[in-house]
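Colleague: Sending over a structure as structure tokens; questions will come in a sec.
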Amino acid sequence: MTATLEPDKIKANQDKFYGRERDFVYKFNVGSQCFELTVPLKFPVKENPNNLHGRLMLLHNLPCFIESDLKKSLSQFIEEESLRDYDREAEAALEALRSGEVDLHQLTSAWAKTYAETTLEHARPEEPSWDEDFADVYHDLIHSPASETLLNLEHNYFVSISELIGERDVELKKLRERQGAEMDKVMQELGKSLTDQDVNSLAAQHFESQQVLENKWASELKQSTAIQKQEYQEWVIKLHQDLKNPNNKSISEEIKVQPSQFRESVEANGRIYEDQRKLEESFTIHLGAQLKTMHNLRLLRADMLDFCKHKRNHRSGVKLHRLQTALSLYSASLCGLVLLVDNRINSYSGIKRDFATVCQECTDFHFPRIEEQLEIVQQVVLYARTQRRSKLKEPNDSGNRNGGNDDKTKNIERNYSNILPGEFYITRHSNLSEIHVAFHLCVDDNVRSGNITARDPAIMGLRNILKVCCTHDITTISIPLLLVHDMSEEMTIPWCLRRAELVFKCVKGFMMEMASWDGGISRTVQFLVPQSISEEMFYQLSNMLPQIFRVSSTLTLTSKH
């Protein structure tokens with residue numbers, strides 16, 4: 001108890017009684033002979049007496065008929081010696097109080113505080129956070145007549161940020177063009193009046209100028225989104241309070257939709273996302289041995305980011321396009337998708353950069369920015385990697401690893417902040433077109449080969465993602481069927497058919513496991529293939545799906561005359 005006040009003194013008292021070895025003596029007779037077993041025990045005894053007596057029986061080759069009595073004597077000895085230590089420690093603590101070494105008032109205050117914090121009866125009720133309050137308010141408003149006003153306001157903010165990004169892109173493009181012209185002139189004079197050092201110096205100046213301009217626009221975008229988020233949240237809270245007041249006559253005007261305020265986005269700089277022709281097939285299946293569960297499957301030829309981008313050139317459909325996503329933001333019917341990324345947690349290249357660009361085009365009024373979420377993920381990965389590294393260095397494991405695992409261990413130590421193939425991290429979003437959750441699944445170059453199996457890290461990562469979907473109310477999930485986002489030369493028709501068959505069969509098995517995870521909830525799984533795939537290949541995959549899954553057949557009823 002006093003350890004909270006005087007840890008050094010208490011530790012000194014404990015060292016007086018603890019850490020000492022005491023001999024456990026056990027005498028028994030075998031025939032006419034008397035034997036004595038002496039075992040030194042270090043107190044406090046951390047091992048369970050039930051296990052300890054068994055080890056003594058084996059170590060000293062003791063006769064089995066004394067086992068019960070040995071267990072009883074050993075347990076009694078440990079209990080009695082432990083009680084004596086507790087008594088001695090308590091006496092030492094009381095003596096410290098009598099001598100004035102410990103302040104009585106501080107001790108009683110610490111006891112009262114500890115009791116209040118650990119006893120539910122006296123504990124303070126948890127205060128709801130701002131995020132929880134705002135989530136409840138938003139959920140009420142989006143399911144009220146004010147929903148259209150909310151969507152209009154979000155769209156106006158979206159257009160404002162889009163225009164700002166357009167200005168940034170124009171300025172960056174002009175800078176690169178000017179720098180390109182300067183570099184061309186310098187290269188023409190190379191070897192005449194200029195040297196390689198002059199070229200390198202100019203390239204360094206160009207890079208620094210680009211960094212300064214990019215940082216300037218990044219800071220301006222960050223400030224603008226922060227202001228929008230604060231204004232939006234304050235307006236939502238105020239609107240909710242006004243709706244609660246039945247005497248407020250101006251509320252109908254406040255939530256009245258004014259078409260003139262619904263700003264049309266400008267078509268500049270090629271930033272309009274053009275709809276490309278999609279191919280789509282839908283299926284209804286039943287899975288399960290006895291209690292069957294109905295699921296919806298869709299096969300689509302589309303870009304994965306199409307589910308994230310807002311359609312700025314569709315004025316009439318903007319609100320309807322966003323309405324379903326907004327209605328289900330705080331519900332048990334969330335939507336997610338799987339992005340295939342490399343092992344670095346950032347947004348600097350590839351589809352990670354494209355995804356981050358889409359996220360930045362519209363302010364997220366509910367969750368942290370994508371950059372902030374990635375920073376948190378990076379911290380968690382560093383902590384997890386520290387724990388994993390300590391386990392990999394255990395001596396018992398070091399002698400059992402093969403060469404491949406040794407290479408993996410070295411890779412972990414060398415890239416301390418990276419994740420491994422099959423691992424994934426999650427980001428949350430309220431500002432994307434059709435999804436709320438993004439699973440960033442780490443894959444390596446092995447997914448482009450044709451010899452992966454059902455035990456491949458990428459496949460096992462899909463299983464873990466589906467398990468997270470079951471435990472966190474994600475009822476719609478979009479998966480890249482071929483485990484790639486873009487086609488390449490080695491991905492022939494036989495390669496595509498083998499890969500699709502593997503993913504179909506594995507996902508079917510995982511969905512059947514879902515019944516034991518969530519009790520059999522109906523879900524929608526969307527399999528996406530790259531847009532560059534041919535129509536012929538798409539329909540071959542479409543014909544394969546009902547052969548692997550059990551597709552519900554329709555019945556045609558005809559009346560007899």
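In the structure tokens, chains take letters A, B, ... by order of appearance, with residues numbered from 1 within each chain and ligands from 1 in the order shown.
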If DSSP is run on the backbone, what residues of range 426-521 of chain A are alpha helix (DSSP H)? A reply as an MDAnalysis selection string would be ideal.
Modeller: chainID A and resid 457:471 493:518
Colleague: With a distance cut-off of 10 Å and only C-alpha atoms, select the neighbouring residues of Glu490 in chain A, excluding the residue or stretch itself and same-chain residues fewer than 3 positions from it, and output the selection as a list in words.
Modeller: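 Near Glu490 in chain A, the qualifying residues are Arg448, Ser449, Gly450, Met487, Ile493, Trp495 and Cys496 of chain A.
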Colleague: Keeping only C-alpha atoms, write the selected residues as a PDB file, in the first residue's frame.
Modeller:
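Saved as part-v3.pdb:
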ATOM      1  CA  ARG A 448       2.764 -11.060 -60.165  1.00  0.00           C
ATOM      2  CA  SER A 449       4.076 -14.611 -60.460  1.00  0.00           C
ATOM      3  CA  GLY A 450       1.807 -17.488 -61.331  1.00  0.00           C
ATOM      4  CA  MET A 487      -2.142  -5.581 -66.098  1.00  0.00           C
ATOM      5  CA  ILE A 493      -5.207 -15.479 -70.221  1.00  0.00           C
ATOM      6  CA  TRP A 495      -2.510 -16.657 -65.731  1.00  0.00           C
ATOM      7  CA  CYS A 496      -5.694 -14.644 -65.193  1.00  0.00           C
TER       8      CYS A 496
END
Colleague: So which residues touch His429 in chain A within 9 Å, counting only C-alpha atoms, skipping near sequence neighbours fewer than 2 positions away, as a short mmCIF file (atom, residue, chain, number, x, y, z; two decimals) with N, CA, C and O atoms, in the first residue's frame?
Modeller:
data_model
loop_
_atom_site.label_atom_id
_atom_site.label_comp_id
_atom_site.auth_asym_id
_atom_site.auth_seq_id
_atom_site.Cartn_x
_atom_site.Cartn_y
_atom_site.Cartn_z
N CYS A 359 -8.28 11.73 -51.50
CA CYS A 359 -8.69 12.08 -50.14
C CYS A 359 -8.53 13.57 -49.87
O CYS A 359 -9.32 14.17 -49.13
N ASP A 364 -12.40 16.11 -44.94
CA ASP A 364 -13.02 15.08 -44.10
C ASP A 364 -13.49 15.75 -42.82
O ASP A 364 -12.69 16.20 -42.00
N HIS A 366 -15.17 14.40 -40.34
CA HIS A 366 -15.40 13.48 -39.22
C HIS A 366 -14.12 12.80 -38.71
O HIS A 366 -14.03 12.51 -37.52
N PHE A 367 -13.17 12.54 -39.58
CA PHE A 367 -11.97 11.80 -39.20
C PHE A 367 -10.72 12.62 -39.51
O PHE A 367 -10.78 13.57 -40.29
N PRO A 368 -9.58 12.26 -38.91
CA PRO A 368 -8.34 12.99 -39.20
C PRO A 368 -7.95 12.87 -40.67
O PRO A 368 -8.37 11.96 -41.38
N ARG A 369 -7.12 13.80 -41.12
CA ARG A 369 -6.63 13.77 -42.49
C ARG A 369 -5.83 12.49 -42.73
O ARG A 369 -5.33 11.87 -41.80
N ILE A 370 -5.70 12.09 -43.98
CA ILE A 370 -5.02 10.85 -44.33
C ILE A 370 -3.58 10.87 -43.83
O ILE A 370 -3.06 9.85 -43.34
N THR A 427 -7.53 2.85 -42.80
CA THR A 427 -7.82 4.27 -42.68
C THR A 427 -9.33 4.48 -42.81
O THR A 427 -10.00 3.76 -43.53
N ASN A 431 -15.21 11.39 -46.53
CA ASN A 431 -15.23 12.32 -47.66
C ASN A 431 -15.06 11.63 -49.01
O ASN A 431 -14.83 12.30 -50.02
N LEU A 432 -15.17 10.30 -49.04
CA LEU A 432 -15.04 9.58 -50.30
C LEU A 432 -16.42 9.22 -50.85
O LEU A 432 -17.41 9.23 -50.12
N ILE A 435 -17.14 4.71 -50.16
CA ILE A 435 -16.54 3.86 -49.13
C ILE A 435 -16.31 4.65 -47.84
O ILE A 435 -16.19 5.88 -47.85
N HIS A 436 -16.24 3.88 -46.74
CA HIS A 436 -15.94 4.46 -45.43
C HIS A 436 -14.60 3.99 -44.89
O HIS A 436 -14.00 4.68 -44.06
N VAL A 437 -14.16 2.82 -45.32
CA VAL A 437 -12.95 2.20 -44.77
C VAL A 437 -12.06 1.72 -45.91
O VAL A 437 -12.57 1.12 -46.87
N ALA A 438 -10.75 1.96 -45.79
CA ALA A 438 -9.79 1.47 -46.78
C ALA A 438 -8.81 0.54 -46.09
O ALA A 438 -8.20 0.90 -45.08
#
Colleague: Neighbouring residues of range 202-211 of chain A were defined as those with any atom within 8 Å, considering only C-alpha atoms; residues of the same chain fewer than 2 positions away were excluded. Please report them as a list of chain:residue names.
Modeller: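 Result of the neighbour search: A:Leu172, A:Leu175, A:Gln179, A:Met183, A:Asp198, A:Val199, A:Asn200, A:Leu213, A:Glu214, A:Asn215.
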Colleague: Take the residues that were just selected and, keeping N, CA and C atoms, output them as a PDB file, in the first residue's frame.
Modeller:
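For reference, again_19.pdb as written:
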ATOM      1  N   LEU A 172       2.298  24.774 -60.371  1.00  0.00           N
ATOM      2  CA  LEU A 172       3.378  23.796 -60.415  1.00  0.00           C
ATOM      3  C   LEU A 172       3.751  23.447 -61.854  1.00  0.00           C
ATOM      4  N   LEU A 175       5.831  26.226 -63.307  1.00  0.00           N
ATOM      5  CA  LEU A 175       7.185  26.195 -62.750  1.00  0.00           C
ATOM      6  C   LEU A 175       8.024  25.105 -63.413  1.00  0.00           C
ATOM      7  N   GLN A 179      11.349  25.656 -65.625  1.00  0.00           N
ATOM      8  CA  GLN A 179      12.591  24.994 -65.239  1.00  0.00           C
ATOM      9  C   GLN A 179      13.102  24.076 -66.347  1.00  0.00           C
ATOM     10  N   MET A 183      16.746  24.295 -68.116  1.00  0.00           N
ATOM     11  CA  MET A 183      17.653  23.151 -68.148  1.00  0.00           C
ATOM     12  C   MET A 183      18.079  22.835 -69.586  1.00  0.00           C
ATOM     13  N   ASP A 198      27.856  23.057 -62.914  1.00  0.00           N
ATOM     14  CA  ASP A 198      26.830  24.072 -63.150  1.00  0.00           C
ATOM     15  C   ASP A 198      25.450  23.418 -63.354  1.00  0.00           C
ATOM     16  N   VAL A 199      25.419  22.297 -64.064  1.00  0.00           N
ATOM     17  CA  VAL A 199      24.158  21.577 -64.278  1.00  0.00           C
ATOM     18  C   VAL A 199      23.604  21.059 -62.958  1.00  0.00           C
ATOM     19  N   ASN A 200      24.469  20.458 -62.137  1.00  0.00           N
ATOM     20  CA  ASN A 200      24.020  19.935 -60.843  1.00  0.00           C
ATOM     21  C   ASN A 200      23.532  21.058 -59.934  1.00  0.00           C
ATOM     22  N   LEU A 213       7.499  25.651 -53.269  1.00  0.00           N
ATOM     23  CA  LEU A 213       6.156  25.885 -53.788  1.00  0.00           C
ATOM     24  C   LEU A 213       5.179  24.812 -53.313  1.00  0.00           C
ATOM     25  N   GLU A 214       5.609  23.545 -53.316  1.00  0.00           N
ATOM     26  CA  GLU A 214       4.735  22.468 -52.848  1.00  0.00           C
ATOM     27  C   GLU A 214       4.410  22.621 -51.380  1.00  0.00           C
ATOM     28  N   ASN A 215       5.390  22.996 -50.577  1.00  0.00           N
ATOM     29  CA  ASN A 215       5.145  23.199 -49.145  1.00  0.00           C
ATOM     30  C   ASN A 215       4.190  24.365 -48.906  1.00  0.00           C
TER      31      ASN A 215
END
Colleague: Within 12 Å of Gly54 in chain A, counting only C-alpha atoms, which residues show up once you throw out same-chain ones fewer than 5 positions away? Write them as a list in words, please.
Modeller: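 Surrounding residues, per the criterion: Glu47, Asn48, Pro49, Leu59, His60, Asn61, Leu62, Pro63, Cys64, Ile66, Glu67, Ser68, Leu70, Lys71 and Leu74 of chain A.
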Colleague: Find the spatial neighbours of range 31-40 of chain A, counting only C-alpha atoms, within a cut-off of 9 Å - ignore same-chain residues fewer than 4 positions away - and output them as a list of chain:residue names.
Modeller: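 Selected residues are A:Glu21, A:Arg22, A:Asp23, A:Phe24, A:Val25, A:Tyr26, A:Lys27, A:Leu56, A:His60.
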Colleague: Could you list, as a list of chain:residue names, every residue within 12 Å of Ile227 in chain A, counting only C-alpha atoms and ignoring same-chain residues fewer than 5 positions away?
Modeller: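 Listed by chain and then number, they are A:Tyr157, A:Ile161, A:Glu220, A:Leu221, A:Lys222, A:Tyr232, A:Gln233, A:Glu234, A:Thr363, A:Asp364, A:Phe365.
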Colleague: Determine which residues of range 150-395 of chain A DSSP labels as strand (DSSP E) from the backbone of this structure, then write them out as a list in words.
Modeller: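 Reading the DSSP output for range 150-395 of chain A, strand (DSSP E) covers Leu279, Glu280, Glu281, Ser282, Phe283, Thr284, Ile285, His286, Leu287, Thr293, Met294, His295, Asn296, Leu297, Arg298, Leu299, Leu300, Arg301, Leu334, Cys335, Gly336, Leu337, Val338, Leu339, Leu340 and Val341 of chain A.
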Colleague: Would you mind exporting C-alpha atoms of the selected residues as a CSV table (one decimal), in the first residue's frame?
Modeller:
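Generated file (out-v2.csv):
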chain,number,residue,atom,x,y,z
A,279,LEU,CA,-18.6,-4.0,-67.3
A,280,GLU,CA,-20.6,-5.5,-64.5
A,281,GLU,CA,-22.2,-8.9,-63.6
A,282,SER,CA,-24.2,-9.5,-60.4
A,283,PHE,CA,-24.9,-12.8,-58.7
A,284,THR,CA,-26.9,-14.0,-55.6
A,285,ILE,CA,-25.5,-17.0,-53.8
A,286,HIS,CA,-26.3,-19.1,-50.8
A,287,LEU,CA,-23.5,-20.4,-48.5
A,293,THR,CA,-26.9,-17.3,-45.8
A,294,MET,CA,-27.6,-15.2,-48.9
A,295,HIS,CA,-24.8,-13.0,-50.2
A,296,ASN,CA,-24.5,-10.7,-53.2
A,297,LEU,CA,-21.5,-11.0,-55.5
A,298,ARG,CA,-20.5,-8.5,-58.2
A,299,LEU,CA,-17.8,-8.7,-60.9
A,300,LEU,CA,-16.8,-5.4,-62.2
A,301,ARG,CA,-14.3,-4.0,-64.7
A,334,LEU,CA,-20.2,0.2,-43.7
A,335,CYS,CA,-18.4,-0.1,-47.1
A,336,GLY,CA,-14.8,-0.8,-47.6
A,337,LEU,CA,-12.2,-1.6,-50.2
A,338,VAL,CA,-8.8,-3.3,-50.5
A,339,LEU,CA,-5.9,-1.4,-51.8
A,340,LEU,CA,-2.7,-3.3,-52.7
A,341,VAL,CA,0.3,-1.3,-51.5
Colleague: Work out how far apart CA of Pro494 in chain A and CA of Asp445 in chain A are and give it in Å to one decimal.
Modeller: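 For CA of Pro494 in chain A relative to CA of Asp445 in chain A, the distance reads 18.9 Å.
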Colleague: Can you work out which one of A:Thr471, A:Thr195, A:Asn152, A:Ser82 has the shortest atom-to-atom distance to Arg322 in chain A, counting only C-alpha atoms?
Modeller: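 The answer is A:Asn152, which sits nearest to Arg322 in chain A.
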